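J.: There's a structure below that I have some questions on.
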Amino acid sequence: MHAAHTILIVEDDRDIRDVLAEILADEGYHVLLAGDGCEGLDRLREGPAPALILLDLMMPRMDGFQFREEQLKHIDWREIPIVLLTAGGDLPDKARRLEAADALRKPVKIDALLGMIARFLPRP
Amino acid sequence: MNESQAPPLLAHDRPPGPGAASPLRMIAGLARAVAQARTDPQAIAEIAARTLVQELADGCVVRLAARFQVRAFAHRDLAAEEFLRDALPSVPIGRLPAGDVLATGRPLLLARVPPEYVDTLCPEARAYVRVFSLRSLLAVPVRCGAAVVGAITAWRDRAEDPFGEDDVNALHVCSEHVGLALEHADAFQALRVREARFELAARATEDVLWDWDLATGAITWNEAVRTTLRWPEDQVDGSLDWWTAHVHDDDRERVLAGLDRAIRDNPAGVRWQDEYRFRRGDGSFARIVDRGYVLRVDGGRPVRFVGSMQDISDRVEITRRLAEREESYRAFIATSSEGIWCFAGDPGVPIDLPPDAQIAAFYARATLVECNDVTARMYGYERADQLLGAPLAQFLPPDDPRSQSLLRGFIAHGYRLVDGESTERDRHGRERLLLNNIVGVVVDGRLVRAWGTQRDLTELRRREADEGRTRALLTAVCDATPDLVFARDQAGALLFANPAARRALAREHAPSAEDRRVLATGETLMLEETYPDGRVYLSTRSPFRDPAGRVLGVVGTATDITERKRAEQALRESQQLFSRAFGKNPNAMSLNALPACEFIDVNEALVRATGLSREQLLGRTPFELGIFLDPDDPPRLAAALRRTGSVRDAELRLRGAGGEIHTVVWSAEILEYQGRRCVLTAATNITDRKRAEEALHDSEERFRQIADNIEQVFWLTEFHPTERIAYVSPACVRAWGRTPAELQADARVWLAAIHPDDRPVVEQGFVAWLTDGADTWEHEYRIVHPDGRTVRWIHDRGALIRDARGRPWRAAGIAEDITERRLAEHERERLVADLRAAVAVRDDFLALASHELRTPLAALDFHLEHLARLVARHPADPRALADKVAGAVRQVDRLTGLVDSLLDVGQMSPGRLRLDLADTDLAALVRDLAARLDDDARRAGCQLRVDAPPALPGRWDRRRLDQALGHMLANALKYGAGHPVDLRLRADARAAVLEIEDHGIGIAEADVRRIFARFERAVPSTHYGGFGLGLYIANRIVEAHGGAIDVTSRPGQGATFRVRLPLDPAQHQPEA
C-alpha cells in the first residue's frame, strides 16, 4: 500500500475503532490504529507519515489535544491534516483550537465520513 | 665770766729742751685757743689735736670718755685725717692705744713701733697703718680734777724723727692744759646751769627779787616788779632812790635804818627782814615783807645785797577777812540748823600713833569744847552750855563697833569725815542716827581739835525706810504688770519706766500733744497709740503733782491691745463678709430668733420671694405669715433642728408672693448671734426645676413604655463624661443573652459580646463613625451569648446626637435580632446553591449523557452501516453479516446499560441513594460477576483471575454492589485489554477489601483525583469518557455503604482499584 493512502485512527473506543478500521480497509485505505494519544505518536514515529489522522478527543493517557500539540511540534508530522471525530459538542471551536481540517460528530454516517476523507486522500 | 678771770695757763715751768721752742709755742697757742673755746669740750679737744699736729706729730687723736664723749682727729695729711674720722669714731677707746692709757693712767711711748705691736691693734687701726704707716707712737692721759677722763694719742709716720722725752713732756703739758680747760668748762657749765635755774626761779616767782650792787648802787629787779608790783618797764629804775621813793612815807625811815644796819653791822649769813608798804605801779600800796642777804668779800667788805620782796597784801586781806569770817562763822554756828560742835583735847593726839592708840587717846582726852544749841537739842538738851565739857564717850559709846569704825574712818581719811553716819544715844538713852562731817585740825603733828557738823537723820531714815518700802512695792507692782508704766518730766525726759516701758519707749522724747495737754490742763487722757515696736497700745496720760498740787510731769500707762485690735478687725471683716454673703445671696435667707422664730433679718431674695417688705417681715414669725404650706413641716423641722442643730436640703412647699406655691430646698442652722440663739435659714427655689423634672419624668415614662415593649433593642450611649451605655431596653435579654444592667455596667461588655471575627470591623466602624463626621451608623454583626455557643445575628443602627460644639454627646440606636432572618437567608442561599449545583450537575450530566450515548451510538451506526454496505457488496457472506449484527446488538446492549447507568446517576444526587441492605456473600457475588463478564473478558483478551475466600458475608445492597463492581470490572477490561485482570478479595475484622488490578495503560496521578471528583464539582474533564461514569456510580455506591475506593496506578503499568466495604454499613449510615 502507498503511504498516500494511509490513515491513522486515534480512538479509545475499541468497538468504534475496529469497525471503522474495517470500513476503511474495505474502501482500500491503509489504516493505522491507536488507542490513545501515546499510541498515536508511536504510529507516527514508526512508519511513513499517514496522509490523514482521524482524531478522537476524549482518550485516556493522552487525549486528542495533547496529541495534536505534540504532532504540531514535529516538523515531519506537522503537515499531516487531522479530522476531529468526537462525541462532544462545540465542534467549530475545537476544530479552530486544534487547527483541524475538519470535525465530525459521532455518530457519523459512513458516506459522509468517506466523502470527507476523499478530500484529503485519493480513493485508492 | 670774763677773760680776766681765766685760770692760769701754765702749770709747769720747765726749761725748754730740744724742740722745746715748739712745745712752748704750742702750749701758748693752745692756751689761747682753749681760752677762746672756753666751755666746749669738743672744741677744746679739736684745738688740742690740731695744735699737736701743727707742732708735734703727724697724726693726733684726742679722746675723752665718761661724760664728755669727745673725739677729735687731726693729721697733716687730709686723706689720713679723713680716714681717721671715718674709721675710728666707732672703735671703742679701749681697743686703741689710748685704751691702755685710759685704763692705767700712765703714758705710752713707743719711739719705734715694733711690727708685732701693729698686730695687736684693732682692724681699723691696722688698716690705717697699712696705708699711712706708724713709726713712732706717744699717748698720755687727760685728767680733769683727779680722774682720768681721756687720752691724747700722737704719732709720727716718718722713721727719721722718733718721739723723745721732751715730746712726752710737751704732750703732758698739753694734756694738763686740756684737763684744766675741761675743769673750767665743767665749772662754767655748772654755773650756767645754776644761773639758768636761778633765772627760771626768778622768772617764776611772784616775789620781787632784787640784786643791789653796793659798789655801784645799781639794783637789778626781776620780772615780778612788773607783774606783782605792776610797774611798767619804763618806769622801773635800777637805782636805790627809785625804790626808796616808793616806800611808804611812814615806813621809809625805819626800813632804811634797818638796811643800813644790815649792811654795816650784820655778820655774814644773817638775814635782813622787814615789813613795809610799797607803792605799786597803779598807785595802790602793797604790804611787803622784804628779806635780804649781804654778800661780802674777804675782809667782810659788803659787795652785794640780794633779796626778795613778798607781797603780803592779800594775806593781810585774808587775815582780815578771816577775822570777819570768824564773826559770821560764830553767828552761823549759832543759827545753823545743823549741829555744829568742836571736840578738843590737850595735848593733842600725835598723828603718828597707831589708830587704836589714837582712838584710845581721843576717848581719854577729847571733850566737847564748843557746840551750838541745835547740837544740844539733838541730844535732848535745850542749850549748848548743858552739853559742853562732855567727853567723847558720851556721844560715841566706845564699846559700839559703829563708833570704832567711824573714828577709824576719820583717822584713815586724813582726819576728815564726809557724811559719816553715827549712831548715838541721847540724854534719854534713845538711839539717834546722825550724819557727821568732821574736820580735824592738826598742829605740829598732833590732832588738837575736831570740828564737826551733824544732822539728825533719825526721822529722815525712818521716812526713807517707809519710802523705800513704798518704792519697793511700787516697783514690784510695776515690774509685774505687762502694761507699760512710765513717767516723764515736763521736758519729756523719762523719770520712771517699768521694764515693759523701758523696752518699748525711747529715753527722751519731746512731750507729745497729749503730754502737753495733760501738763497744761491737768486732765487725764485716754488714747490709742502705735509705738515704734509696731504694736498698738491703749494709753492713759495723767498728771502727777507735788504736794503743793503743781504738775511735775506726766504719768503714763499703756496696755498692748494689738491682738484685740486685730481680733476686732477680723470680726469686722467677717461681719462684712457675712452681710455680703447674706444680703446678696440669690437664695432667700433669713435670721430668726429662737425660740419664737421671729425674723431678725432677711435678705433681698427673701423679700422678693415672699412679696412682703422688710418692715412687714421683721419681728413677725413665718408661721403667722403663713409661709409654710404644710402644717406638719414646722414641728418636724423644729424637731430636726433641736436634735442636730441643723437641717439640710429639706424639700418643702412654701407660700410665696401672690399666694403662689413654691417648692424649695430648705436648710437651716442654729447659731449664736449677738448673744442670742438664732436660726439661719436658706431656701433655694426649685419650683421650676421640679416642674422640669416632672416633665422629664413623664417623658421618660412614655419612652420607657415604648422601649420596654418593642422587640427591638433600643439603646442610648453617652460619651460624656465617659463612654457608657446609658440605656438598653429589656429586649436585649433575648438578643444578647444579657440583662440591661450587665450591658450598661460596662461599655466593654457590648464589645466583648461581638463575635471575634466580626469585632474588629465593628469596632473600627464605630470609631470611624464617631470621628469622621457621619451622623448614622449601621452594621450587621454576630454576637455570642454568655454560654459561648449561641450566636445571634444583629442588625444595629445608630444616630449621633451632637452637643453645641458638634462633638458627639450621645448616640441613640436600635438593634434588631435578625438571626431567624439571616438563618432563613442562609438556608435559602444554601438551597439556591444546592439547586444551582444540582442544575449544574444535571447540565453536566446531560452533557455527559449526550456524550456517553454518542459513542455507543456511533459504534452501532458504524456497525449497521457497514452491515448495509457489506450486504450490498457481498450479499452471500453470512459470516461477515452475522458478525456485524452481533456487534450491533452488542452496541444496543451497551447503550441500554449506559442509559440505565445514566438514569441511575440521575438518581444518585447526593443524599438520594437508598441502600437495601441484606446479608450478602461478597465472595459469591464476585465470582458471579466474573462469570457473567467472562465473555467480555475473553473478547478483550483479559484473563479474569479471581482470588476470593469461599465466603465473605456481610450486610450490603447486593444489587448495588453488583452494579458498582460490574462497572469497575468493565473499566479494567476496557483499559487493561490484552492483559490479565485480577480480582482479589480479602476481609479483616471490620471490612472487606476487593482489589481489581489490570495491567493496562494505567492512570496519571492528576487524573486519579479528577476521576473521583468529577461530579462533586461541575469541573469539565477531558478524560472521563466512559471511564468515569461507571467509576462515579461505583464510588457513590461504595460511599453509601460507608466504604471507599482508592486507586494506585502508574501510567503504562496498569491500575489497581481497591474497594473497601465495611462489613456492616449500618454503623455508617449515609448522610441525611
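Going through the C-alpha cells in order, the chains are called A, B, and so on, while each chain numbers its residues from 1 and the ligands are numbered from 1 in the order shown.
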Could you list, as an MDAnalysis selection string, every residue within 12 Å of A:Leu98, counting only C-alpha atoms and ignoring same-chain residues fewer than 6 positions away?

T.: chainID A and resid 55:57 64:72 78 81:84 91:92

J.: Suppose we keep N, CA, C and O atoms; can you now write the selection as a tab-separated table (two decimals), in the first residue's frame?

T.:
chain	number	residue	atom	x	y	z
A	55	LEU	N	-8.98	11.88	14.55
A	55	LEU	CA	-8.59	12.07	15.95
A	55	LEU	C	-9.81	12.17	16.86
A	55	LEU	O	-10.67	13.05	16.70
A	56	ASP	N	-9.87	11.22	17.82
A	56	ASP	CA	-10.86	11.35	18.90
A	56	ASP	C	-10.25	12.27	19.97
A	56	ASP	O	-9.03	12.36	20.09
A	57	LEU	N	-11.07	12.92	20.75
A	57	LEU	CA	-10.55	13.86	21.74
A	57	LEU	C	-10.49	13.26	23.14
A	57	LEU	O	-9.48	13.39	23.83
A	64	GLY	N	-6.71	13.89	22.81
A	64	GLY	CA	-6.52	14.40	21.46
A	64	GLY	C	-5.80	15.73	21.45
A	64	GLY	O	-4.97	16.01	20.58
A	65	PHE	N	-6.10	16.53	22.45
A	65	PHE	CA	-5.50	17.87	22.49
A	65	PHE	C	-3.99	17.75	22.63
A	65	PHE	O	-3.23	18.41	21.93
A	66	GLN	N	-3.57	16.88	23.54
A	66	GLN	CA	-2.16	16.72	23.79
A	66	GLN	C	-1.46	16.12	22.58
A	66	GLN	O	-0.35	16.50	22.24
A	67	PHE	N	-2.19	15.13	21.91
A	67	PHE	CA	-1.61	14.51	20.73
A	67	PHE	C	-1.35	15.54	19.67
A	67	PHE	O	-0.28	15.59	19.06
A	68	ARG	N	-2.32	16.43	19.50
A	68	ARG	CA	-2.19	17.43	18.45
A	68	ARG	C	-1.03	18.37	18.74
A	68	ARG	O	-0.24	18.73	17.86
A	69	GLU	N	-0.91	18.70	20.00
A	69	GLU	CA	0.17	19.59	20.43
A	69	GLU	C	1.51	18.98	20.06
A	69	GLU	O	2.37	19.65	19.49
A	70	GLU	N	1.66	17.70	20.40
A	70	GLU	CA	2.90	17.03	20.07
A	70	GLU	C	3.13	16.95	18.58
A	70	GLU	O	4.23	17.11	18.08
A	71	GLN	N	2.04	16.67	17.90
A	71	GLN	CA	2.14	16.48	16.45
A	71	GLN	C	2.65	17.74	15.76
A	71	GLN	O	3.50	17.70	14.88
A	72	LEU	N	2.14	18.86	16.28
A	72	LEU	CA	2.50	20.14	15.66
A	72	LEU	C	3.94	20.52	15.91
A	72	LEU	O	4.53	21.29	15.17
A	78	ARG	N	3.88	17.75	11.12
A	78	ARG	CA	3.10	18.96	11.26
A	78	ARG	C	2.05	19.13	10.14
A	78	ARG	O	0.94	19.60	10.34
A	81	PRO	N	-2.80	16.54	7.91
A	81	PRO	CA	-4.09	17.10	8.31
A	81	PRO	C	-4.82	16.16	9.29
A	81	PRO	O	-4.63	14.97	9.24
A	82	ILE	N	-5.59	16.79	10.20
A	82	ILE	CA	-6.39	15.99	11.14
A	82	ILE	C	-7.84	16.34	10.97
A	82	ILE	O	-8.21	17.47	10.59
A	83	VAL	N	-8.63	15.29	11.23
A	83	VAL	CA	-10.09	15.50	11.27
A	83	VAL	C	-10.57	15.00	12.61
A	83	VAL	O	-10.28	13.88	13.01
A	84	LEU	N	-11.29	15.88	13.35
A	84	LEU	CA	-11.77	15.52	14.68
A	84	LEU	C	-12.98	14.63	14.56
A	84	LEU	O	-13.88	14.89	13.75
A	91	LEU	N	-18.02	21.81	18.07
A	91	LEU	CA	-17.02	21.38	17.10
A	91	LEU	C	-16.25	22.51	16.44
A	91	LEU	O	-15.01	22.43	16.32
A	92	PRO	N	-16.94	23.54	16.05
A	92	PRO	CA	-16.17	24.60	15.36
A	92	PRO	C	-15.05	25.16	16.25
A	92	PRO	O	-13.95	25.40	15.79

J.: Tell me the residues of chain A close to chain B, meaning within 7 Å using only C-alpha atoms, as an NGL selection string.

T.: :A and (15-16 or 19-20 or 23 or 58-61 or 87-88 or 106-108 or 110)

J.: How would the residues just chosen look if you wrote them out with C-alpha atoms as a PDB file, in the first residue's frame?

T.:
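For reference, out.pdb as written:
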ATOM      1  CA  ASP A  15     -15.733  -1.033  19.028  1.00  0.00           C
ATOM      2  CA  ILE A  16     -15.647   2.127  17.017  1.00  0.00           C
ATOM      3  CA  VAL A  19     -15.475  -1.258  12.820  1.00  0.00           C
ATOM      4  CA  LEU A  20     -14.096   1.951  11.419  1.00  0.00           C
ATOM      5  CA  ILE A  23     -14.827   0.043   6.880  1.00  0.00           C
ATOM      6  CA  MET A  58     -11.593  12.023  24.909  1.00  0.00           C
ATOM      7  CA  MET A  59      -8.973   9.400  25.453  1.00  0.00           C
ATOM      8  CA  PRO A  60      -7.119   8.138  28.490  1.00  0.00           C
ATOM      9  CA  ARG A  61      -3.408   8.623  28.990  1.00  0.00           C
ATOM     10  CA  ALA A  87     -18.923  12.698  20.641  1.00  0.00           C
ATOM     11  CA  GLY A  88     -18.721  16.069  22.322  1.00  0.00           C
ATOM     12  CA  LYS A 106     -20.332  10.911  16.386  1.00  0.00           C
ATOM     13  CA  PRO A 107     -22.330   9.128  15.258  1.00  0.00           C
ATOM     14  CA  VAL A 108     -21.406   9.942  11.733  1.00  0.00           C
ATOM     15  CA  ILE A 110     -20.087   6.336   6.755  1.00  0.00           C
TER      16      ILE A 110
END

J.: So which bits of stretch 5-117 of chain A end up strand (DSSP E or B) when you DSSP the backbone, as a list in words?

T.: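 Written out, the strand (DSSP E or B) residues of stretch 5-117 of chain A are Thr6, Ile7, Leu8, Ile9, Val10, His30, Val31, Leu32, Leu33, Ala34, Leu52, Ile53, Leu54, Leu55, Ile82, Val83, Leu84, Leu85, Thr86, Asp102, Ala103, Leu104 and Arg105 of chain A.
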
J.: Next, write the just-selected residues to a file, as a PDB file, in the first residue's frame, keeping C-alpha atoms as the atom set.

T.:
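Listing of result.pdb after writing:
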ATOM      1  CA  THR A   6      -2.593   5.673   4.902  1.00  0.00           C
ATOM      2  CA  ILE A   7      -4.994   6.922   7.534  1.00  0.00           C
ATOM      3  CA  LEU A   8      -4.245   6.995  11.238  1.00  0.00           C
ATOM      4  CA  ILE A   9      -7.218   6.410  13.504  1.00  0.00           C
ATOM      5  CA  VAL A  10      -6.704   7.617  17.079  1.00  0.00           C
ATOM      6  CA  HIS A  30      -4.296   1.543   4.708  1.00  0.00           C
ATOM      7  CA  VAL A  31      -5.310   2.055   8.359  1.00  0.00           C
ATOM      8  CA  LEU A  32      -3.123   2.643  11.332  1.00  0.00           C
ATOM      9  CA  LEU A  33      -4.757   2.262  14.736  1.00  0.00           C
ATOM     10  CA  ALA A  34      -4.007   3.942  18.086  1.00  0.00           C
ATOM     11  CA  LEU A  52      -4.730  11.899   7.354  1.00  0.00           C
ATOM     12  CA  ILE A  53      -5.400  11.463  11.023  1.00  0.00           C
ATOM     13  CA  LEU A  54      -8.853  10.802  12.403  1.00  0.00           C
ATOM     14  CA  LEU A  55      -8.595  12.070  15.954  1.00  0.00           C
ATOM     15  CA  ILE A  82      -6.387  15.994  11.137  1.00  0.00           C
ATOM     16  CA  VAL A  83     -10.090  15.496  11.267  1.00  0.00           C
ATOM     17  CA  LEU A  84     -11.769  15.522  14.682  1.00  0.00           C
ATOM     18  CA  LEU A  85     -14.084  12.729  15.411  1.00  0.00           C
ATOM     19  CA  THR A  86     -15.768  13.351  18.741  1.00  0.00           C
ATOM     20  CA  ASP A 102     -12.497  19.291   9.685  1.00  0.00           C
ATOM     21  CA  ALA A 103     -14.546  17.970  12.610  1.00  0.00           C
ATOM     22  CA  LEU A 104     -17.243  15.315  12.665  1.00  0.00           C
ATOM     23  CA  ARG A 105     -19.620  14.499  15.463  1.00  0.00           C
TER      24      ARG A 105
END

J.: If we count only C-alpha atoms, what is near B:Arg545 at a cut-off of 10 Å, once residues fewer than 5 positions away on the same chain are taken out, given as a list in words?

T.: Leu519, Gly522, Arg550, Val551, Leu552, Gly553, Val554 and Val555 of chain B

J.: Which of stretch 4-117 of chain A counts as alpha helix (DSSP H) under DSSP, as JSON, numbers by chain please?

T.: {"A": [14, 15, 16, 17, 18, 19, 20, 21, 22, 23, 24, 25, 26, 27, 37, 38, 39, 40, 41, 42, 43, 44, 45, 46, 64, 65, 66, 67, 68, 69, 70, 71, 72, 73, 91, 92, 93, 94, 95, 96, 97, 110, 111, 112, 113, 114, 115, 116, 117]}
